[in-house]
Amino acid sequence: MIADLGLMVLVIAALSAMYAFVMAILGGTQRRPDYIESARRAAVAVMPLLTLACLVIIYANLVGDYSIEYTYRVSNNTTPTFLRITALWGGQNGSILFWNWLMSLYIFFIFLRPWKNNRDLLPWVIAVSIGTQAFFILLMLFFANPFAKLFVDSAGNISAAVFQPAGLLPYTSPDGTGLNPLLRHPGMIIHPPMLYLGFVGLTIPFAFAIGSMLARNKTDSWIRASRRVTLIAWLFLSMGLLLGARWAYDVLGWGGYWGWDPVENSALLPWLVATAFLHSVIIQEKRGMFKVWNMILIVLSFCLMILGTFVTRTGVISSVHSFARSSLGVPFLGFTAFVLVGSAVLIASRWHLLKSDNKLDSFLSREAMFLLNNFVFMTLTFTVFVGTYYSMFSELITGDKLTVGPPVYNQLIGPQVAVLILLMGIGPLVAWHKSSPEALGKMTWKPAVFAVAVMVLLFVTGVNMIFVVIGFGLVAFTLAITLTEYWRGMRARHKLSGENYFAAFTHLISRNRRRYGGYMIHLGVLVMGIGVIGSLNYQVQTQRSLTPGGTMQVGDYTITYELALTCDPTVGISGDCTAWYTDRGRDIEVIAGYLSVARPGQPTVRMAPYREIFLNGTGELTPPGVLSSVGEDLYLLFLGEQSGFGTIKAYINPLIQFLWIGGIILVIGTLVAMWPSPLERRQTVAAPERIGTLKAVK
Amino acid sequence: MLRPIKLALLGLWTAALLLLIALTSAALAQDTVPPTPTPAAKQPVTADDVNHIAKQMYCPVCENEPLDVCRTAACQQWRAQIGQMLGEGQSEQQIKDYFVARYGARVLAQPPVEGTSLLLYVLPIGGLIVGAVIVVWLLRRLRARGARADSPQSVAVATRADSPSKSTGDEYTDRVEKDLKNW
C-alpha cells in the first residue's frame with residue numbers, strides 16, 4: 001500500500017514540475033512576475049515531494065516490503081540496515097529516483113529565495129532546469145518506476161507492473177533477491193551519490209546559459225551567477241571519478257584503478273568538457289571573448305552528462321542490441337537530440353548577442369593559451385568518445401564487434417595529456433593581451449633546467465623508458481613553475497607589507513582564492529600524474545600456487561601462505577568465520593587466504609585477501625589485501641584454494657599513493673577556489689585604496 | 001614590428017602540434033614492436049607467462065574485464081589453453097592469432113591497425129588535425145580583426161604591456177598587484 005503513496009507523490013511531483021515549466025515560459029513571454037513567482041514556488045516544491053518518494057523506498061527496504069518490485073530486487077531478509085538505506089541507489093529504478101532527487105535539491109537551493117539580481121533570466125532558468133527535471137520524473141514514471149509492484153498469475157508466474165493487470169493477483173515475496181554484492185562496499189555507497197551530484201549539477205549552468213540566450217541577455221551575468229554551482233558540480237564530478245577509481249582499486253581486485261571501461265569513460269567525458277568550460281569562461285569574464293564557444297561547451301557537457309547517465313544507469317554500451325532493447329533508450333536519445341538541435345538553433349539565432357567584445361592582441365597571450373588548452377581538452381574528449389562508442393558503431397555498421405582496451409587509450413591519450421601538462425605550466429605565466437617570448441623565457445628557464453636535471457637523474461638511475469622520462473620531466477617542469485608562482489606571490493607580499501611568509505601565504509590565497517585554488521588543483525593533477533606514470537609503467541605482477549607454509553618472492557617482499565579459511569553461510573557461521581559476516585549480507589561464501597608478509601628491516605605483517613562467491617550466482621569478487629607505503633603498494637589477491645594449493649596473485653604498484661594524495665589536493669584546491677570569501681564583495685569597493693596603501697608602504 | 005614574433009610563434013605552435021602527432025604515431029609504432037621472448041620449451045610454463053598474454057586479451061564472456069582478471073569458467077579455460085599452447089612452444093603471436101581466427105578481433109585489447117579498426121586510430125588523429133586547423137584559422141581571424149580595429153586604446157594597452165620594467169622583482173610585484181586588482 002505504501003507503494004501507492006510513493007506513486008502518488010511522484011505523480012504530484014511530475015505535475016508540479018510541469019506546471020512550473022509552463023508558468024515559467026508564460027511568465028517569461030508575457031512578462032508576468034506573478035506567473036514567474038508561481039513557477040518558482042512550484043519548482044521549489046518538487047524537492048520535498050521527491051524526498052518523500054525516496055523515504056517511501058527506504059521505508060519499504062527497511063521493513064522488507066517485498067510486494068514492491070524494487071525492494072524485492074535490492075534487499076533481502078539478511079541485508080543489514082545500513083545497506084537497506086543505501087539500496088535506494090543500488091538498482092536502476094531507485095537510482096533514477098535518487099538522481100532526480102539530487103537534481104531537485106540543486107533546483108530547491110537555487111530558487112529557494114526570490115532572486116535580487118538577474119531577474120530577467122529567472123523565468124528561463126526555471127523553465128530549462130525544471131523542464132529537464134520534469135522530463136526525468138516522467139521518464140521514471142513511465143519507463144523505470146521504482147514503485148512497480150509484484151503480481152502473480154494463476155500459473156504462478158511472477159511479474160512486475162505499476163497497476164494491477166487484469167487477471168493477475170498482487171504478490172508479496174517472502175524474501176528479496178538481495179543487493180548486488182558489488183555494491184556493498186563503502187566506496188560504492190559513496191561513489192554514486194558524488195558522481196550523480198556532479199552529473200545533475202551540470203544542469204544548472206546549462207539552464208543559466210540557455211536561459212541567458214532565451215532572455216536575449218547580452219551580458220555575462222549567467223556565468224557569474226552560475227560560477228559557484230559549476231564549480232560545485234565539477235568538484236562532485238571529480239570526487240565521483242576519484243572515488244570510483246578508489247573503489248575499483250579496493251574492491252574489484254585487478255590491480256588497477258581505471259580500466260577505460262565504457263561506463264568509466266562516459267563519466268569522464270562530461271568531466272573533460274566541463275573542465276574545458278571552467279577554463280574558457282575565464283576568457284569571457286576577463287575579455288568578453290569566445291562567447292559562442294562557451295555556449296557550445298556547456299551544451300556539450302550537459303549532453304554528455306545525459307548520455308553518461310543513460311550509459312551508467314542501463315549498461316547499454318556493451319552491445320547495440322541491448323541499446324535497442326532498453327526501454328529507456330529512445331526517450332534518452334530523443335532528449336539528447338532535442339537538446340543538441342534546440343541549442344544549436346538557439347545559438348545560431350542569438351549569434352549577434354554573442355559577438356566578441358574584444359580581439360586577440362597576440363598569439364602569445366593568456367587568451368591564446370586558454371584556447372590551446374580548450375583545443376587539447378576537446379581532442380581528448382573526442383578520443384575518449386570515439387574509443388568508447390567505437391565498438392558499438394563498428395558492430396552496427398560491419399557486424400564486427402571490437403574491443404577497445406587500455407593500450408589503445410594509453411597510446412592516444414598519453415601525448416595529449418603531455419601537451420596539456422606543458423600548457424598547465426606555461427599558460428599561467430603568459431600575460432593577458434600580450435606577452436613577449438623574452439619575458440616567458442625569463443620565467444621558464446629555471447624550471448626547464450630543473451626538469452632537464454630531473455630527466456637526466458632519472459635516466460642515470462636506470463629509467464630507460466623514453467616516455468616515462470619525458471612524462472616525469474614535464475611534471476617536474478610544471479610543478480616547479482606552479483610552486484614558483486606561490487613563492488613569488490608570497491615573497492612579493494612579504495616584501496611589500498612585511499608580513500611573515502606564513503601570513504603572506506595565507507593572505508595571498510584568501511585574496512585570490514580562485515587563482516591560487518586553481519593552482520592547487522593543478523598541483524593535485526601533477527601529483528596524480530606522478531602516480532599514474534609510475535603505476536602504469538612499472539607495475540609488477542606475479543602469480544603462484546602454494547601449499548601452506550610455502551613462500552613466494554615479489555620485489556623485496558617475502559609472502560608466506562599460512563592457510564585458507566572457507567566460510568559457507570548456508571552451513572552456518574561460527575568460529576573464525578563470524579568476523580567475516582559483520583557488515584555484509586549472509587548470501588556470500590567467503591574463502592580467505594591468510595598470508596604473512598616479510599620485508600627486510602620491517603616487522604612481519606599478516607594479511608587476509610579473500611574471495612567472495614555470491615550464492616545467487618551473479619559472480620564473484622576478490623577484494624585485495626593492500627600494504628601501502630609512500631613508494632609503492634603491495635597488492636595481494638587470494639584467487640582460491642584447490643587440492644591443498646592456495647593461489648596468490650601479487651602486484652607491486654609503484655607510486656600509486658601519489659594518485660590518491662593528488663586527488664585530495666585537487667579536492668582541497670577546488671574548495672579553496674569556490675569558497676565564498678568575505679573579501680570578494682568588499683574587494684570591489686576597497687581594492688583601489690588597498691593597492692594604494694601597499695604602494696605607500698613600498 | 002610584430003611580424004617576426006608572430007611568425008615565430010606560429011612556427012612554435014606548428015612545431016608543438018607536429019611533436020604531438022609525432023609522439024602519437026611513435027607511441028603507436030612503439031607498442032607494436034617489442035616481441036616477448038618465447039619461453040624455451042623446456043622451462044615449465046608459469047602462471048605469469050599465461051597472464052602476460054591474457055592481460056592483452058578479452059574473453060567474450062567478461063565484458064570490459066581483461067582475460068587475466070576475469071574469473072568465469074570460460075575464461076579459466078582460455079587461460080588453461082594459453083598455458084597448454086605455451087607449453088607446446090607456440091609464440092605469443094601464434095596464440096593470439098589462434099584466438100583471433102576462432103573468435104574474431106574482439107578478443108584483442110588492442111584492435112589491429114587495419115581494416116575497420118583503422119578508423120579507431122584515424123578518427124582521433126584526424127580530429128586532432130581538423131581541430132588544429134580550426135584553432136589556427138580562428139586565431140588568425142581573431143588577430144586580423146584586431147589589427148584592423150587598432151584603436152588608440154588597444155595600442156596604449158599594448159605599449160604598456162610592452163614596456164620593460166626596471167627589475168625582475170618589480171615586474172613581478174607589479175603583476176601580482178595588477179592581478180590582485182583584476183581577479
# chains A, B, ... in the order shown; residues from 1 in each chain; ligands from 1

call {"tool": "interface_residues", "arguments": {"of": "chain A", "to": "chain B", "cutoff": "8 Å", "atoms": "only C-alpha atoms", "output": "PyMOL selection string"}}
result
chain A and resi 254+259+261-262+318+358-364+368+371-372+375+379+382-383+386-387+390+394+398+400-408+411-412+414-416+419+433-436+488-489+492+511-512+514-515+541-544+619-620+687-688+691

call {"tool": "atom_distance", "arguments": {"atom1": "atom CA of Ile648 of chain A", "atom2": "atom CA of Leu636 of chain A"}}
result
7.1 Å

call {"tool": "residues_around", "arguments": {"residues": "segment 453-469 of chain A", "least_positions_apart": "4", "cutoff": "7 Å", "atoms": "only C-alpha atoms", "output": "list in words"}}
result
Val449, Gly473 and Ile533 of chain A

call {"tool": "atom_distance", "arguments": {"atom1": "atom CA of Ser349 of chain A", "atom2": "atom CA of Ser221 of chain A"}}
result
19.4 Å

call {"tool": "select_by_dssp", "arguments": {"residues": "segment 30-119 of chain B", "states": "alpha helix (DSSP H)", "output": "ChimeraX atom specification"}}
result
/B:30-32,47-54,73-87,92-103,118-119

call {"tool": "write_last_selection", "arguments": {"atoms": "N, CA and C atoms", "output": "compact mmCIF listing (two decimals), in the first residue's frame"}}
result
# COMPACT_ATOMS: atom_id res chain seq x y z
N GLN B 30 55.62 2.18 -31.38
CA GLN B 30 56.45 1.55 -30.38
C GLN B 30 55.79 0.31 -29.78
N ASP B 31 54.48 0.42 -29.55
CA ASP B 31 53.86 -0.66 -28.82
C ASP B 31 53.70 -1.92 -29.65
N THR B 32 53.77 -1.78 -30.96
CA THR B 32 53.61 -2.98 -31.77
C THR B 32 54.93 -3.73 -31.91
N ALA B 47 52.25 -19.32 -14.32
CA ALA B 47 51.02 -18.53 -14.40
C ALA B 47 51.34 -17.13 -14.93
N ASP B 48 52.55 -16.63 -14.61
CA ASP B 48 52.93 -15.30 -15.07
C ASP B 48 53.03 -15.25 -16.59
N ASP B 49 53.56 -16.33 -17.20
CA ASP B 49 53.65 -16.36 -18.67
C ASP B 49 52.26 -16.29 -19.27
N VAL B 50 51.34 -17.04 -18.67
CA VAL B 50 49.96 -17.05 -19.17
C VAL B 50 49.34 -15.66 -19.00
N ASN B 51 49.51 -15.10 -17.80
CA ASN B 51 48.90 -13.79 -17.53
C ASN B 51 49.44 -12.71 -18.45
N HIS B 52 50.71 -12.82 -18.79
CA HIS B 52 51.31 -11.82 -19.67
C HIS B 52 50.53 -11.72 -20.98
N ILE B 53 50.15 -12.86 -21.51
CA ILE B 53 49.39 -12.86 -22.76
C ILE B 53 47.92 -12.53 -22.49
N ALA B 54 47.39 -13.11 -21.41
CA ALA B 54 45.96 -12.93 -21.11
C ALA B 54 45.64 -11.46 -20.84
N ALA B 73 34.25 -19.47 -15.78
CA ALA B 73 34.79 -20.78 -16.19
C ALA B 73 35.36 -20.71 -17.60
N ALA B 74 34.65 -19.99 -18.49
CA ALA B 74 35.11 -19.90 -19.88
C ALA B 74 36.50 -19.28 -19.94
N CYS B 75 36.71 -18.22 -19.16
CA CYS B 75 38.00 -17.55 -19.20
C CYS B 75 39.10 -18.41 -18.59
N GLN B 76 38.73 -19.18 -17.56
CA GLN B 76 39.73 -20.07 -16.98
C GLN B 76 40.18 -21.10 -18.01
N GLN B 77 39.21 -21.52 -18.81
CA GLN B 77 39.51 -22.49 -19.86
C GLN B 77 40.46 -21.88 -20.89
N TRP B 78 40.18 -20.63 -21.26
CA TRP B 78 41.05 -19.95 -22.21
C TRP B 78 42.47 -19.86 -21.67
N ARG B 79 42.57 -19.51 -20.39
CA ARG B 79 43.91 -19.38 -19.80
C ARG B 79 44.63 -20.72 -19.80
N ALA B 80 43.86 -21.76 -19.47
CA ALA B 80 44.46 -23.09 -19.49
C ALA B 80 44.97 -23.43 -20.89
N GLN B 81 44.17 -23.01 -21.88
CA GLN B 81 44.57 -23.30 -23.26
C GLN B 81 45.83 -22.52 -23.64
N ILE B 82 45.90 -21.27 -23.19
CA ILE B 82 47.10 -20.48 -23.46
C ILE B 82 48.31 -21.17 -22.84
N GLY B 83 48.13 -21.65 -21.59
CA GLY B 83 49.21 -22.35 -20.91
C GLY B 83 49.66 -23.57 -21.70
N GLN B 84 48.69 -24.30 -22.20
CA GLN B 84 48.99 -25.52 -22.96
C GLN B 84 49.74 -25.18 -24.24
N MET B 85 49.28 -24.13 -24.94
CA MET B 85 49.92 -23.75 -26.19
C MET B 85 51.33 -23.24 -25.96
N LEU B 86 51.51 -22.52 -24.83
CA LEU B 86 52.86 -22.07 -24.49
C LEU B 86 53.75 -23.29 -24.25
N GLY B 87 53.18 -24.28 -23.56
CA GLY B 87 53.93 -25.49 -23.29
C GLY B 87 54.35 -26.20 -24.56
N GLU B 92 53.77 -15.98 -28.59
CA GLU B 92 52.68 -15.11 -28.17
C GLU B 92 51.79 -14.77 -29.37
N GLN B 93 52.45 -14.42 -30.48
CA GLN B 93 51.70 -14.01 -31.67
C GLN B 93 50.85 -15.16 -32.21
N GLN B 94 51.45 -16.35 -32.22
CA GLN B 94 50.71 -17.52 -32.71
C GLN B 94 49.46 -17.77 -31.89
N ILE B 95 49.62 -17.62 -30.57
CA ILE B 95 48.48 -17.87 -29.68
C ILE B 95 47.38 -16.85 -29.93
N LYS B 96 47.78 -15.57 -30.02
CA LYS B 96 46.79 -14.52 -30.27
C LYS B 96 46.10 -14.76 -31.61
N ASP B 97 46.89 -15.09 -32.63
CA ASP B 97 46.32 -15.34 -33.96
C ASP B 97 45.29 -16.46 -33.90
N TYR B 98 45.62 -17.47 -33.11
CA TYR B 98 44.71 -18.61 -32.99
C TYR B 98 43.36 -18.17 -32.46
N PHE B 99 43.41 -17.36 -31.38
CA PHE B 99 42.14 -16.90 -30.78
C PHE B 99 41.40 -15.94 -31.69
N VAL B 100 42.16 -15.07 -32.39
CA VAL B 100 41.51 -14.14 -33.31
C VAL B 100 40.80 -14.91 -34.43
N ALA B 101 41.49 -15.94 -34.94
CA ALA B 101 40.91 -16.72 -36.03
C ALA B 101 39.61 -17.38 -35.59
N ARG B 102 39.57 -17.80 -34.33
CA ARG B 102 38.37 -18.51 -33.87
C ARG B 102 37.25 -17.58 -33.40
N TYR B 103 37.64 -16.46 -32.72
CA TYR B 103 36.60 -15.65 -32.09
C TYR B 103 36.53 -14.22 -32.63
N LEU B 118 40.92 0.45 -38.26
CA LEU B 118 41.81 1.54 -38.63
C LEU B 118 41.20 2.89 -38.26
N LEU B 119 39.89 2.94 -38.45
CA LEU B 119 39.15 4.17 -38.17
C LEU B 119 39.34 4.63 -36.73

call {"tool": "atom_distance", "arguments": {"atom1": "atom CA of Leu182 of chain A", "atom2": "atom CA of Leu150 of chain A"}}
result
24.9 Å

call {"tool": "closest_residue", "arguments": {"among": "A:Gly669, A:Gly399, A:Gly662, A:Gly131", "to": "Gly518 of chain A", "atoms": "only C-alpha atoms"}}
result
A:Gly669

call {"tool": "residues_around", "arguments": {"residues": "segment 567-578 of chain A", "least_positions_apart": "2", "cutoff": "7 Å", "atoms": "only C-alpha atoms", "output": "PDB file with C-alpha atoms, in the first residue's frame"}}
result
ATOM      1  CA  LEU A 565      39.547 -20.392   5.659  1.00  0.00           C
ATOM      2  CA  TRP A 580      33.683 -12.100   8.112  1.00  0.00           C
ATOM      3  CA  TYR A 581      29.928 -11.551   8.296  1.00  0.00           C
ATOM      4  CA  ARG A 586      24.760 -13.689   4.562  1.00  0.00           C
ATOM      5  CA  ASP A 587      24.436 -14.694   0.936  1.00  0.00           C
ATOM      6  CA  GLU A 589      30.613 -17.539   0.559  1.00  0.00           C
ATOM      7  CA  VAL A 590      33.999 -16.291   1.756  1.00  0.00           C
ATOM      8  CA  ILE A 591      37.329 -18.015   1.182  1.00  0.00           C
TER       9      ILE A 591
END

call {"tool": "closest_residue", "arguments": {"among": "A:Leu526, A:Val22, A:Ile204, A:Leu102", "to": "Ser38 of chain A", "atoms": "only C-alpha atoms"}}
result
A:Val22
